[in-house]
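Enquirer: Enclosed is the structure file final11.tsv (TSV, N, CA and C atoms and all ligand atoms).
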```tsv
chain	number	residue	atom	x	y	z
S	1	MET	N	-11.09	-28.18	-26.20
S	1	MET	CA	-10.50	-27.44	-25.08
S	1	MET	C	-11.49	-27.44	-23.90
S	2	ASP	N	-10.98	-27.74	-22.73
S	2	ASP	CA	-11.81	-27.72	-21.54
S	2	ASP	C	-12.24	-26.31	-21.20
S	3	ALA	N	-13.50	-26.15	-20.85
S	3	ALA	CA	-13.98	-24.85	-20.42
S	3	ALA	C	-14.69	-24.99	-19.08
S	4	LYS	N	-14.77	-23.86	-18.38
S	4	LYS	CA	-15.34	-23.86	-17.04
S	4	LYS	C	-16.10	-22.55	-16.89
S	5	ILE	N	-17.19	-22.57	-16.16
S	5	ILE	CA	-17.92	-21.33	-15.95
S	5	ILE	C	-17.50	-20.73	-14.61
S	6	CYS	N	-17.10	-19.46	-14.66
S	6	CYS	CA	-16.66	-18.78	-13.45
S	6	CYS	C	-17.88	-18.47	-12.58
S	7	TYR	N	-17.77	-18.74	-11.28
S	7	TYR	CA	-18.88	-18.51	-10.35
S	7	TYR	C	-19.14	-17.04	-10.13
S	8	ARG	N	-18.14	-16.21	-10.44
S	8	ARG	CA	-18.30	-14.79	-10.14
S	8	ARG	C	-18.83	-14.02	-11.33
S	9	CYS	N	-18.12	-14.12	-12.49
S	9	CYS	CA	-18.55	-13.35	-13.65
S	9	CYS	C	-19.47	-14.15	-14.57
S	10	ARG	N	-19.64	-15.45	-14.29
S	10	ARG	CA	-20.55	-16.32	-15.05
S	10	ARG	C	-20.14	-16.50	-16.50
S	11	GLU	N	-18.88	-16.22	-16.82
S	11	GLU	CA	-18.43	-16.40	-18.18
S	11	GLU	C	-17.79	-17.77	-18.31
S	12	SER	N	-17.94	-18.35	-19.49
S	12	SER	CA	-17.30	-19.62	-19.77
S	12	SER	C	-15.89	-19.35	-20.28
S	13	LYS	N	-14.89	-19.88	-19.57
S	13	LYS	CA	-13.51	-19.62	-19.93
S	13	LYS	C	-12.72	-20.93	-19.97
S	14	PRO	N	-11.62	-20.94	-20.76
S	14	PRO	CA	-10.79	-22.14	-20.78
S	14	PRO	C	-10.28	-22.47	-19.38
S	15	THR	N	-10.15	-23.74	-19.04
S	15	THR	CA	-9.73	-24.16	-17.71
S	15	THR	C	-8.42	-23.51	-17.29
S	16	SER	N	-7.56	-23.21	-18.29
S	16	SER	CA	-6.27	-22.61	-17.96
S	16	SER	C	-6.43	-21.22	-17.36
S	17	GLU	N	-7.61	-20.63	-17.49
S	17	GLU	CA	-7.87	-19.31	-16.92
S	17	GLU	C	-8.21	-19.38	-15.43
S	18	PHE	N	-8.23	-20.59	-14.89
S	18	PHE	CA	-8.54	-20.76	-13.46
S	18	PHE	C	-7.30	-21.25	-12.73
S	19	TYR	N	-7.04	-20.68	-11.58
S	19	TYR	CA	-5.88	-21.11	-10.80
S	19	TYR	C	-6.10	-22.52	-10.30
S	20	PHE	N	-5.02	-23.26	-10.16
S	20	PHE	CA	-5.14	-24.59	-9.60
S	20	PHE	C	-4.88	-24.52	-8.11
S	21	ASN	N	-5.85	-24.94	-7.31
S	21	ASN	CA	-5.72	-24.92	-5.86
S	21	ASN	C	-5.17	-26.27	-5.41
S	22	LYS	N	-3.89	-26.27	-5.00
S	22	LYS	CA	-3.23	-27.53	-4.66
S	22	LYS	C	-3.84	-28.20	-3.42
S	23	THR	N	-4.25	-27.37	-2.44
S	23	THR	CA	-4.81	-27.93	-1.21
S	23	THR	C	-6.08	-28.72	-1.50
S	24	GLN	N	-6.92	-28.14	-2.35
S	24	GLN	CA	-8.19	-28.82	-2.64
S	24	GLN	C	-8.08	-29.71	-3.87
S	25	ASN	N	-6.92	-29.70	-4.51
S	25	ASN	CA	-6.66	-30.54	-5.68
S	25	ASN	C	-7.67	-30.30	-6.81
S	26	ARG	N	-8.09	-29.06	-6.95
S	26	ARG	CA	-8.98	-28.74	-8.08
S	26	ARG	C	-8.82	-27.26	-8.43
S	27	ARG	N	-9.41	-26.89	-9.54
S	27	ARG	CA	-9.31	-25.50	-9.98
S	27	ARG	C	-10.24	-24.62	-9.15
S	28	THR	N	-9.86	-23.35	-9.02
S	28	THR	CA	-10.69	-22.42	-8.26
S	28	THR	C	-12.00	-22.17	-9.00
S	29	THR	N	-13.02	-21.70	-8.27
S	29	THR	CA	-14.32	-21.46	-8.89
S	29	THR	C	-14.37	-20.08	-9.55
S	30	TRP	N	-13.41	-19.22	-9.21
S	30	TRP	CA	-13.33	-17.90	-9.84
S	30	TRP	C	-12.21	-17.91	-10.87
S	31	CYS	N	-12.40	-17.17	-11.96
S	31	CYS	CA	-11.36	-17.08	-12.98
S	31	CYS	C	-10.27	-16.11	-12.49
S	32	ARG	N	-9.14	-16.10	-13.19
S	32	ARG	CA	-8.01	-15.24	-12.79
S	32	ARG	C	-8.41	-13.77	-12.74
S	33	ASP	N	-9.17	-13.32	-13.77
S	33	ASP	CA	-9.57	-11.90	-13.82
S	33	ASP	C	-10.37	-11.52	-12.58
S	34	CYS	N	-11.27	-12.43	-12.16
S	34	CYS	CA	-12.10	-12.13	-11.00
S	34	CYS	C	-11.26	-12.06	-9.74
S	35	PHE	N	-10.28	-12.95	-9.62
S	35	PHE	CA	-9.39	-12.90	-8.45
S	35	PHE	C	-8.63	-11.58	-8.42
S	36	THR	N	-8.14	-11.16	-9.59
S	36	THR	CA	-7.38	-9.92	-9.65
S	36	THR	C	-8.25	-8.73	-9.29
S	37	SER	N	-9.44	-8.64	-9.88
S	37	SER	CA	-10.27	-7.45	-9.61
S	37	SER	C	-10.76	-7.47	-8.16
S	38	ALA	N	-11.01	-8.65	-7.60
S	38	ALA	CA	-11.47	-8.71	-6.21
S	38	ALA	C	-10.37	-8.27	-5.26
S	39	SER	N	-9.12	-8.65	-5.54
S	39	SER	CA	-8.06	-8.26	-4.61
S	39	SER	C	-7.74	-6.77	-4.74
S	40	VAL	N	-7.86	-6.22	-5.96
S	40	VAL	CA	-7.65	-4.77	-6.12
S	40	VAL	C	-8.75	-4.01	-5.37
S	41	ALA	N	-10.00	-4.49	-5.49
S	41	ALA	CA	-11.12	-3.82	-4.83
S	41	ALA	C	-10.96	-3.85	-3.32
S	42	SER	N	-10.58	-5.00	-2.76
S	42	SER	CA	-10.47	-5.06	-1.31
S	42	SER	C	-9.29	-4.22	-0.82
S	43	ARG	N	-8.23	-4.13	-1.64
S	43	ARG	CA	-7.10	-3.29	-1.25
S	43	ARG	C	-7.52	-1.82	-1.23
S	44	ASN	N	-8.33	-1.42	-2.23
S	44	ASN	CA	-8.77	-0.02	-2.27
S	44	ASN	C	-9.66	0.31	-1.07
S	45	ILE	N	-10.47	-0.65	-0.64
S	45	ILE	CA	-11.33	-0.43	0.53
S	45	ILE	C	-10.46	-0.23	1.77
S	46	LEU	N	-9.45	-1.07	1.93
S	46	LEU	CA	-8.55	-0.96	3.08
S	46	LEU	C	-7.80	0.37	3.05
S	47	LEU	N	-7.37	0.74	1.84
S	47	LEU	CA	-6.62	1.99	1.68
S	47	LEU	C	-7.49	3.18	2.11
S	48	ALA	N	-8.75	3.18	1.67
S	48	ALA	CA	-9.67	4.27	2.02
S	48	ALA	C	-9.90	4.29	3.54
S	49	ARG	N	-10.02	3.11	4.15
S	49	ARG	CA	-10.26	3.05	5.58
S	49	ARG	C	-9.05	3.59	6.35
S	50	ALA	N	-7.85	3.22	5.90
S	50	ALA	CA	-6.63	3.68	6.56
S	50	ALA	C	-6.51	5.20	6.45
S	51	ARG	N	-6.86	5.76	5.28
S	51	ARG	CA	-6.81	7.21	5.09
S	51	ARG	C	-7.81	7.89	6.02
S	52	ASP	N	-9.00	7.30	6.15
S	52	ASP	CA	-10.03	7.83	7.03
S	52	ASP	C	-9.55	7.90	8.46
S	53	ILE	N	-8.92	6.82	8.91
S	53	ILE	CA	-8.43	6.73	10.29
S	53	ILE	C	-7.44	7.86	10.55
S	54	LEU	N	-6.63	8.19	9.55
S	54	LEU	CA	-5.60	9.21	9.73
S	54	LEU	C	-6.13	10.62	9.42
S	55	GLY	N	-7.44	10.76	9.33
S	55	GLY	CA	-8.02	12.09	9.17
S	55	GLY	C	-8.36	12.47	7.74
S	56	GLY	N	-7.86	11.71	6.77
S	56	GLY	CA	-8.22	11.95	5.37
S	56	GLY	C	-7.65	13.21	4.75
S	57	ARG	N	-6.76	13.90	5.48
S	57	ARG	CA	-6.17	15.12	4.92
S	57	ARG	C	-4.70	15.21	5.32
S	58	CYS	N	-3.95	16.03	4.57
S	58	CYS	CA	-2.53	16.22	4.86
S	58	CYS	C	-2.37	16.90	6.22
S	59	GLN	N	-1.53	16.35	7.06
S	59	GLN	CA	-1.31	16.91	8.39
S	59	GLN	C	-0.48	18.19	8.35
S	60	GLY	N	0.07	18.50	7.18
S	60	GLY	CA	0.85	19.73	7.03
S	60	GLY	C	-0.02	20.88	6.56
S	61	CYS	N	-0.62	20.75	5.38
S	61	CYS	CA	-1.35	21.86	4.79
S	61	CYS	C	-2.85	21.60	4.70
S	62	GLY	N	-3.30	20.40	5.01
S	62	GLY	CA	-4.73	20.12	5.06
S	62	GLY	C	-5.37	19.75	3.74
S	63	ILE	N	-4.56	19.56	2.70
S	63	ILE	CA	-5.13	19.20	1.40
S	63	ILE	C	-5.78	17.81	1.49
S	64	THR	N	-6.95	17.63	0.83
S	64	THR	CA	-7.66	16.35	0.92
S	64	THR	C	-7.61	15.57	-0.39
S	65	ASP	N	-6.91	16.09	-1.39
S	65	ASP	CA	-6.83	15.40	-2.68
S	65	ASP	C	-6.02	14.12	-2.55
S	66	GLN	N	-6.72	12.99	-2.66
S	66	GLN	CA	-6.08	11.69	-2.41
S	66	GLN	C	-4.93	11.38	-3.37
S	67	ARG	N	-4.93	12.08	-4.53
S	67	ARG	CA	-3.88	11.77	-5.51
S	67	ARG	C	-2.50	12.20	-5.03
S	68	VAL	N	-2.46	13.17	-4.09
S	68	VAL	CA	-1.15	13.63	-3.64
S	68	VAL	C	-0.83	13.19	-2.21
S	69	LEU	N	-1.78	12.47	-1.58
S	69	LEU	CA	-1.55	12.06	-0.20
S	69	LEU	C	-0.76	10.75	-0.12
S	70	CYS	N	0.11	10.65	0.86
S	70	CYS	CA	0.81	9.39	1.06
S	70	CYS	C	0.97	9.16	2.56
S	71	PHE	N	1.25	7.91	2.91
S	71	PHE	CA	1.45	7.57	4.31
S	71	PHE	C	2.90	7.86	4.68
S	72	ASP	N	3.07	8.64	5.72
S	72	ASP	CA	4.42	9.03	6.12
S	72	ASP	C	4.72	8.44	7.48
S	73	HIS	N	5.89	7.84	7.59
S	73	HIS	CA	6.33	7.32	8.88
S	73	HIS	C	6.77	8.53	9.70
S	74	LYS	N	6.08	8.77	10.84
S	74	LYS	CA	6.36	9.99	11.59
S	74	LYS	C	7.84	10.12	11.93
S	75	ASP	N	8.44	9.00	12.33
S	75	ASP	CA	9.86	9.05	12.65
S	75	ASP	C	10.64	8.41	11.52
S	76	GLY	N	10.65	9.10	10.37
S	76	GLY	CA	11.26	8.54	9.18
S	76	GLY	C	12.75	8.32	9.29
S	77	ARG	N	13.36	8.94	10.29
S	77	ARG	CA	14.82	8.82	10.40
S	77	ARG	C	15.27	7.42	10.77
S	78	LYS	N	14.32	6.63	11.29
S	78	LYS	CA	14.68	5.24	11.60
S	78	LYS	C	15.11	4.50	10.34
S	79	GLY	N	14.69	5.03	9.21
S	79	GLY	CA	15.10	4.43	7.96
S	79	GLY	C	14.34	3.17	7.61
S	80	LYS	N	13.30	2.87	8.41
S	80	LYS	CA	12.51	1.68	8.10
S	80	LYS	C	11.68	1.97	6.88
S	81	ARG	N	11.57	1.01	6.02
S	81	ARG	CA	10.75	1.19	4.83
S	81	ARG	C	9.70	0.09	4.78
S	82	GLU	N	8.53	0.36	5.36
S	82	GLU	CA	7.46	-0.63	5.30
S	82	GLU	C	6.80	-0.59	3.92
S	83	SER	N	6.32	-1.71	3.49
S	83	SER	CA	5.62	-1.73	2.21
S	83	SER	C	4.24	-1.11	2.40
S	84	GLY	N	3.65	-0.63	1.32
S	84	GLY	CA	2.35	0.02	1.39
S	84	GLY	C	1.30	-0.84	2.07
S	85	ASP	N	1.25	-2.12	1.71
S	85	ASP	CA	0.24	-3.00	2.29
S	85	ASP	C	0.43	-3.15	3.79
S	86	LEU	N	1.67	-3.23	4.23
S	86	LEU	CA	1.95	-3.39	5.65
S	86	LEU	C	1.53	-2.13	6.41
S	87	ILE	N	1.82	-0.97	5.84
S	87	ILE	CA	1.44	0.30	6.48
S	87	ILE	C	-0.08	0.35	6.65
S	88	ILE	N	-0.80	-0.01	5.58
S	88	ILE	CA	-2.27	0.01	5.64
S	88	ILE	C	-2.76	-0.89	6.77
S	89	ARG	N	-2.17	-2.08	6.89
S	89	ARG	CA	-2.60	-3.01	7.93
S	89	ARG	C	-2.25	-2.48	9.31
S	90	MET	N	-1.06	-1.83	9.43
S	90	MET	CA	-0.66	-1.30	10.73
S	90	MET	C	-1.58	-0.16	11.16
S	91	VAL	N	-1.94	0.72	10.20
S	91	VAL	CA	-2.81	1.86	10.53
S	91	VAL	C	-4.17	1.34	10.98
S	92	ILE	N	-4.74	0.40	10.23
S	92	ILE	CA	-6.05	-0.14	10.59
S	92	ILE	C	-5.97	-0.88	11.92
S	93	GLY	N	-4.82	-1.47	12.19
S	93	GLY	CA	-4.62	-2.18	13.43
S	93	GLY	C	-4.38	-1.26	14.63
S	94	GLY	N	-4.39	0.07	14.40
S	94	GLY	CA	-4.30	1.01	15.50
S	94	GLY	C	-2.91	1.61	15.71
S	95	SER	N	-1.99	1.40	14.76
S	95	SER	CA	-0.66	1.98	14.91
S	95	SER	C	-0.73	3.51	14.81
S	96	ASP	N	0.04	4.20	15.67
S	96	ASP	CA	0.05	5.66	15.58
S	96	ASP	C	1.39	6.15	15.01
S	97	GLU	N	2.07	5.28	14.30
S	97	GLU	CA	3.39	5.64	13.77
S	97	GLU	C	3.32	6.41	12.46
S	98	PHE	N	2.10	6.48	11.88
S	98	PHE	CA	2.00	7.08	10.56
S	98	PHE	C	1.10	8.29	10.55
S	99	GLN	N	1.31	9.15	9.58
S	99	GLN	CA	0.43	10.28	9.37
S	99	GLN	C	0.28	10.47	7.87
S	100	LEU	N	-0.78	11.20	7.49
S	100	LEU	CA	-0.98	11.49	6.08
S	100	LEU	C	-0.27	12.80	5.76
S	101	LEU	N	0.52	12.77	4.71
S	101	LEU	CA	1.16	13.99	4.24
S	101	LEU	C	1.00	14.03	2.73
S	102	CYS	N	0.90	15.24	2.16
S	102	CYS	CA	0.91	15.34	0.71
S	102	CYS	C	2.37	15.28	0.27
S	103	HIS	N	2.57	15.12	-1.02
S	103	HIS	CA	3.96	14.98	-1.50
S	103	HIS	C	4.80	16.20	-1.18
S	104	ASN	N	4.17	17.39	-1.26
S	104	ASN	CA	4.92	18.61	-0.95
S	104	ASN	C	5.39	18.63	0.50
S	105	CYS	N	4.45	18.39	1.42
S	105	CYS	CA	4.80	18.47	2.84
S	105	CYS	C	5.78	17.35	3.20
S	106	ASN	N	5.61	16.21	2.57
S	106	ASN	CA	6.52	15.10	2.81
S	106	ASN	C	7.94	15.48	2.38
S	107	HIS	N	8.02	16.13	1.23
S	107	HIS	CA	9.32	16.54	0.72
S	107	HIS	C	9.95	17.58	1.64
S	108	LEU	N	9.14	18.55	2.08
S	108	LEU	CA	9.66	19.60	2.98
S	108	LEU	C	10.13	18.99	4.29
S	109	LYS	N	9.35	18.04	4.81
S	109	LYS	CA	9.73	17.41	6.07
S	109	LYS	C	11.09	16.71	5.92
S	110	ARG	N	11.25	16.04	4.79
S	110	ARG	CA	12.53	15.36	4.56
S	110	ARG	C	13.69	16.34	4.47
S	111	LEU	N	13.45	17.47	3.77
S	111	LEU	CA	14.51	18.46	3.65
S	111	LEU	C	14.89	18.99	5.02
S	112	GLU	N	13.84	19.28	5.84
S	112	GLU	CA	14.11	19.85	7.14
S	112	GLU	C	14.81	18.87	8.07
S	113	ARG	N	14.42	17.61	7.94
S	113	ARG	CA	15.03	16.60	8.82
S	113	ARG	C	16.25	15.95	8.19
S	114	ARG	N	16.56	16.34	6.99
S	114	ARG	CA	17.68	15.76	6.26
S	114	ARG	C	17.53	14.25	6.07
S	115	GLU	N	16.25	13.85	5.94
S	115	GLU	CA	16.02	12.42	5.71
S	115	GLU	C	16.51	12.01	4.33
S	116	PHE	N	16.73	13.03	3.49
S	116	PHE	CA	17.10	12.73	2.11
S	116	PHE	C	18.56	12.30	2.00
S	117	ALA	N	19.36	12.63	3.05
S	117	ALA	CA	20.78	12.33	2.95
S	117	ALA	C	21.02	10.82	2.99
S	118	PRO	N	21.73	10.31	2.03
S	118	PRO	CA	22.05	8.88	2.06
S	118	PRO	C	22.83	8.56	3.34
S	119	ARG	N	22.56	7.40	3.91
S	119	ARG	CA	23.16	7.06	5.19
S	119	ARG	C	24.70	7.11	5.16
S	120	ASP	N	25.27	6.60	4.09
S	120	ASP	CA	26.75	6.56	4.06
S	120	ASP	C	27.35	7.96	4.03
S	121	LEU	N	26.59	8.90	3.41
S	121	LEU	CA	27.07	10.28	3.38
S	121	LEU	C	27.09	10.85	4.80
S	122	ARG	N	25.99	10.57	5.55
S	122	ARG	CA	25.93	11.07	6.91
S	122	ARG	C	27.06	10.48	7.76
S	123	GLU	N	27.32	9.21	7.56
S	123	GLU	CA	28.39	8.56	8.32
S	123	GLU	C	29.73	9.24	8.03
S	124	ARG	N	29.94	9.57	6.76
S	124	ARG	CA	31.21	10.20	6.39
S	124	ARG	C	31.34	11.59	7.00
S	125	VAL	N	30.20	12.30	7.06
S	125	VAL	CA	30.21	13.63	7.65
S	125	VAL	C	30.64	13.51	9.11
S	126	LYS	N	30.13	12.51	9.84
S	126	LYS	CA	30.49	12.31	11.23
S	126	LYS	C	32.00	12.05	11.37
S	127	GLU	N	32.51	11.24	10.47
S	127	GLU	CA	33.94	10.88	10.56
S	127	GLU	C	34.82	12.11	10.39
S	128	VAL	N	34.41	13.00	9.46
S	128	VAL	CA	35.21	14.19	9.20
S	128	VAL	C	35.29	15.05	10.45
S	129	ARG	N	34.12	15.15	11.16
S	129	ARG	CA	34.11	15.96	12.36
S	129	ARG	C	34.85	15.19	13.42
S	201	ZN	ZN	-14.65	-14.58	-13.60
S	202	ZN	ZN	0.56	19.09	2.61
```
Starting from the coordinates I provided, produce the structure as structure tokens.

Expert:
Amino acid sequence: MDAKICYRCRESKPTSEFYFNKTQNRRTTWCRDCFTSASVASRNILLARARDILGGRCQGCGITDQRVLCFDHKDGRKGKRESGDLIIRMVIGGSDEFQLLCHNCNHLKRLERREFAPRDLRERVKEVR
């Protein structure tokens, strides 16, 4: 069985553990595990930076526990649903469309703004009136 030494973790692994880079027509120098852990690490760094930019605390109650904080689209009624990665990139890129809210405040905001109502239900309500 062919083996290759990963440049990052220095472990000898079967060649199948390395991605094949079509552009360079050869296997990558990092093993799959190293690619995965590196991309998770860089995502966490970006996530922390985006949270920092937005003040690092809930804009409603001020809680700083990251486990309950989420990125909230200030004008959630637009119904746009950006993916987490896109939001992080937009925040770091200087977008002011987002704020940090904890799950509680996010839920309350939705109740108050009726963001929770499914769109078709709202349309039907309009028709009745
Ligand atoms: Zn490795
Ligand atoms: Zn809160």

Enquirer: What residues in chain S get the DSSP label strand (DSSP E)? Please answer as number ranges by chain.

Expert: S: 3-5, 12-14, 18-21, 26-31, 69-73, 98-102

Enquirer: Pull N, CA and C atoms from the residues just selected and write them as an mmCIF file, in the frame of the given file.

Expert:
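Contents of result-v8.cif, as written:
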```cif
data_model
loop_
_atom_site.group_PDB
_atom_site.id
_atom_site.type_symbol
_atom_site.label_atom_id
_atom_site.label_comp_id
_atom_site.auth_asym_id
_atom_site.auth_seq_id
_atom_site.Cartn_x
_atom_site.Cartn_y
_atom_site.Cartn_z
ATOM 1 N N ALA S 3 -13.500 -26.150 -20.850
ATOM 2 C CA ALA S 3 -13.980 -24.850 -20.420
ATOM 3 C C ALA S 3 -14.690 -24.990 -19.080
ATOM 4 N N LYS S 4 -14.770 -23.860 -18.380
ATOM 5 C CA LYS S 4 -15.340 -23.860 -17.040
ATOM 6 C C LYS S 4 -16.100 -22.550 -16.890
ATOM 7 N N ILE S 5 -17.190 -22.570 -16.160
ATOM 8 C CA ILE S 5 -17.920 -21.330 -15.950
ATOM 9 C C ILE S 5 -17.500 -20.730 -14.610
ATOM 10 N N SER S 12 -17.940 -18.350 -19.490
ATOM 11 C CA SER S 12 -17.300 -19.620 -19.770
ATOM 12 C C SER S 12 -15.890 -19.350 -20.280
ATOM 13 N N LYS S 13 -14.890 -19.880 -19.570
ATOM 14 C CA LYS S 13 -13.510 -19.620 -19.930
ATOM 15 C C LYS S 13 -12.720 -20.930 -19.970
ATOM 16 N N PRO S 14 -11.620 -20.940 -20.760
ATOM 17 C CA PRO S 14 -10.790 -22.140 -20.780
ATOM 18 C C PRO S 14 -10.280 -22.470 -19.380
ATOM 19 N N PHE S 18 -8.230 -20.590 -14.890
ATOM 20 C CA PHE S 18 -8.540 -20.760 -13.460
ATOM 21 C C PHE S 18 -7.300 -21.250 -12.730
ATOM 22 N N TYR S 19 -7.040 -20.680 -11.580
ATOM 23 C CA TYR S 19 -5.880 -21.110 -10.800
ATOM 24 C C TYR S 19 -6.100 -22.520 -10.300
ATOM 25 N N PHE S 20 -5.020 -23.260 -10.160
ATOM 26 C CA PHE S 20 -5.140 -24.590 -9.600
ATOM 27 C C PHE S 20 -4.880 -24.520 -8.110
ATOM 28 N N ASN S 21 -5.850 -24.940 -7.310
ATOM 29 C CA ASN S 21 -5.720 -24.920 -5.860
ATOM 30 C C ASN S 21 -5.170 -26.270 -5.410
ATOM 31 N N ARG S 26 -8.090 -29.060 -6.950
ATOM 32 C CA ARG S 26 -8.980 -28.740 -8.080
ATOM 33 C C ARG S 26 -8.820 -27.260 -8.430
ATOM 34 N N ARG S 27 -9.410 -26.890 -9.540
ATOM 35 C CA ARG S 27 -9.310 -25.500 -9.980
ATOM 36 C C ARG S 27 -10.240 -24.620 -9.150
ATOM 37 N N THR S 28 -9.860 -23.350 -9.020
ATOM 38 C CA THR S 28 -10.690 -22.420 -8.260
ATOM 39 C C THR S 28 -12.000 -22.170 -9.000
ATOM 40 N N THR S 29 -13.020 -21.700 -8.270
ATOM 41 C CA THR S 29 -14.320 -21.460 -8.890
ATOM 42 C C THR S 29 -14.370 -20.080 -9.550
ATOM 43 N N TRP S 30 -13.410 -19.220 -9.210
ATOM 44 C CA TRP S 30 -13.330 -17.900 -9.840
ATOM 45 C C TRP S 30 -12.210 -17.910 -10.870
ATOM 46 N N CYS S 31 -12.400 -17.170 -11.960
ATOM 47 C CA CYS S 31 -11.360 -17.080 -12.980
ATOM 48 C C CYS S 31 -10.270 -16.110 -12.490
ATOM 49 N N LEU S 69 -1.780 12.470 -1.580
ATOM 50 C CA LEU S 69 -1.550 12.060 -0.200
ATOM 51 C C LEU S 69 -0.760 10.750 -0.120
ATOM 52 N N CYS S 70 0.110 10.650 0.860
ATOM 53 C CA CYS S 70 0.810 9.390 1.060
ATOM 54 C C CYS S 70 0.970 9.160 2.560
ATOM 55 N N PHE S 71 1.250 7.910 2.910
ATOM 56 C CA PHE S 71 1.450 7.570 4.310
ATOM 57 C C PHE S 71 2.900 7.860 4.680
ATOM 58 N N ASP S 72 3.070 8.640 5.720
ATOM 59 C CA ASP S 72 4.420 9.030 6.120
ATOM 60 C C ASP S 72 4.720 8.440 7.480
ATOM 61 N N HIS S 73 5.890 7.840 7.590
ATOM 62 C CA HIS S 73 6.330 7.320 8.880
ATOM 63 C C HIS S 73 6.770 8.530 9.700
ATOM 64 N N PHE S 98 2.100 6.480 11.880
ATOM 65 C CA PHE S 98 2.000 7.080 10.560
ATOM 66 C C PHE S 98 1.100 8.290 10.550
ATOM 67 N N GLN S 99 1.310 9.150 9.580
ATOM 68 C CA GLN S 99 0.430 10.280 9.370
ATOM 69 C C GLN S 99 0.280 10.470 7.870
ATOM 70 N N LEU S 100 -0.780 11.200 7.490
ATOM 71 C CA LEU S 100 -0.980 11.490 6.080
ATOM 72 C C LEU S 100 -0.270 12.800 5.760
ATOM 73 N N LEU S 101 0.520 12.770 4.710
ATOM 74 C CA LEU S 101 1.160 13.990 4.240
ATOM 75 C C LEU S 101 1.000 14.030 2.730
ATOM 76 N N CYS S 102 0.900 15.240 2.160
ATOM 77 C CA CYS S 102 0.910 15.340 0.710
ATOM 78 C C CYS S 102 2.370 15.280 0.270
#
```

Enquirer: With all atoms listed in the file counted, collect every polymer residue having an atom within 6.5 Å of ligand ZN 201 (chain S); state the result as JSON, numbers by chain.

Expert: {"S": [6, 7, 8, 9, 10, 11, 30, 31, 32, 33, 34, 35]}

Enquirer: Counting all atoms listed in the file, what are the residues, protein, DNA or RNA alike, that approach ligand ZN 202 (chain S) to within 7 Å? I want them as a VMD selection string.

Expert: chain S and resid 58 to 63 101 to 106

Enquirer: Quick one: distance from atom CA of S:Glu17 to atom CA of S:Leu47 in Å, one decimal?

Expert: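 Calculated distance between atom CA of S:Glu17 and atom CA of S:Leu47 is 28.3 Å.
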
Enquirer: Go through S:Asn25, S:Arg57, S:Ser37, S:Lys109 one by one, measure the shortest atom-to-atom distance of each to S:Cys70 using all atoms listed in the file, and give the residue with the smallest value.

Expert: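 The answer is S:Arg57, which sits nearest to S:Cys70.
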
Enquirer: Would you kindly return, as JSON, numbers by chain, each protein, DNA or RNA residue with an atom no farther than 8 Å from any atom of stretch 84-90 of chain S, considering all atoms listed in the file and excluding same-chain residues fewer than 6 positions away?

Expert: {"S": [46, 47, 49, 50, 51, 71, 96, 97, 98]}

Enquirer: Go ahead and compute the interatomic distance for atom C of S:Gln99 and atom CA of S:Val68, in Å to one decimal.

Expert: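 Rounded to one decimal, the two atoms are 12.0 Å apart.
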
Enquirer: Hey, could you pull the box centre and edge lengths for stretch 9-24 of chain S, axis-aligned, 8 Å padding per side, all listed atoms, to one decimal in Å, as lines of an AutoDock Vina configuration file?

Expert:
```
center_x = -11.9
center_y = -21.5
center_z = -11.0
size_x = 33.3
size_y = 32.4
size_z = 35.6
```

Enquirer: Which one is closest to S:His73: S:Ile5, S:Leu100, S:Leu111, S:Val40? Count only C-alpha atoms.

Expert: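 Ranked by minimum distance to S:His73, first place goes to S:Leu100.
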
Enquirer: Could you work out how far atom CA of S:Leu108 lies from atom C of S:Asp75, giving the answer in Å with one decimal?

Expert: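 That distance, rounded to one decimal, is 14.1 Å.
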
Enquirer: Find the residue from S:Thr15, S:Thr36, S:Lys22, S:Leu69 that sits nearest to S:Gly55; use only C-alpha atoms when measuring.

Expert: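 The closest residue to S:Gly55 is S:Leu69.
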
Enquirer: Using the chain letters and numbers from this document, which residues of chain S does DSSP assign to helix (DSSP H, G or I), as a VMD selection string?

Expert: chain S and resid 15 to 17 32 to 53 76 to 78 84 to 92 103 to 113 119 to 128
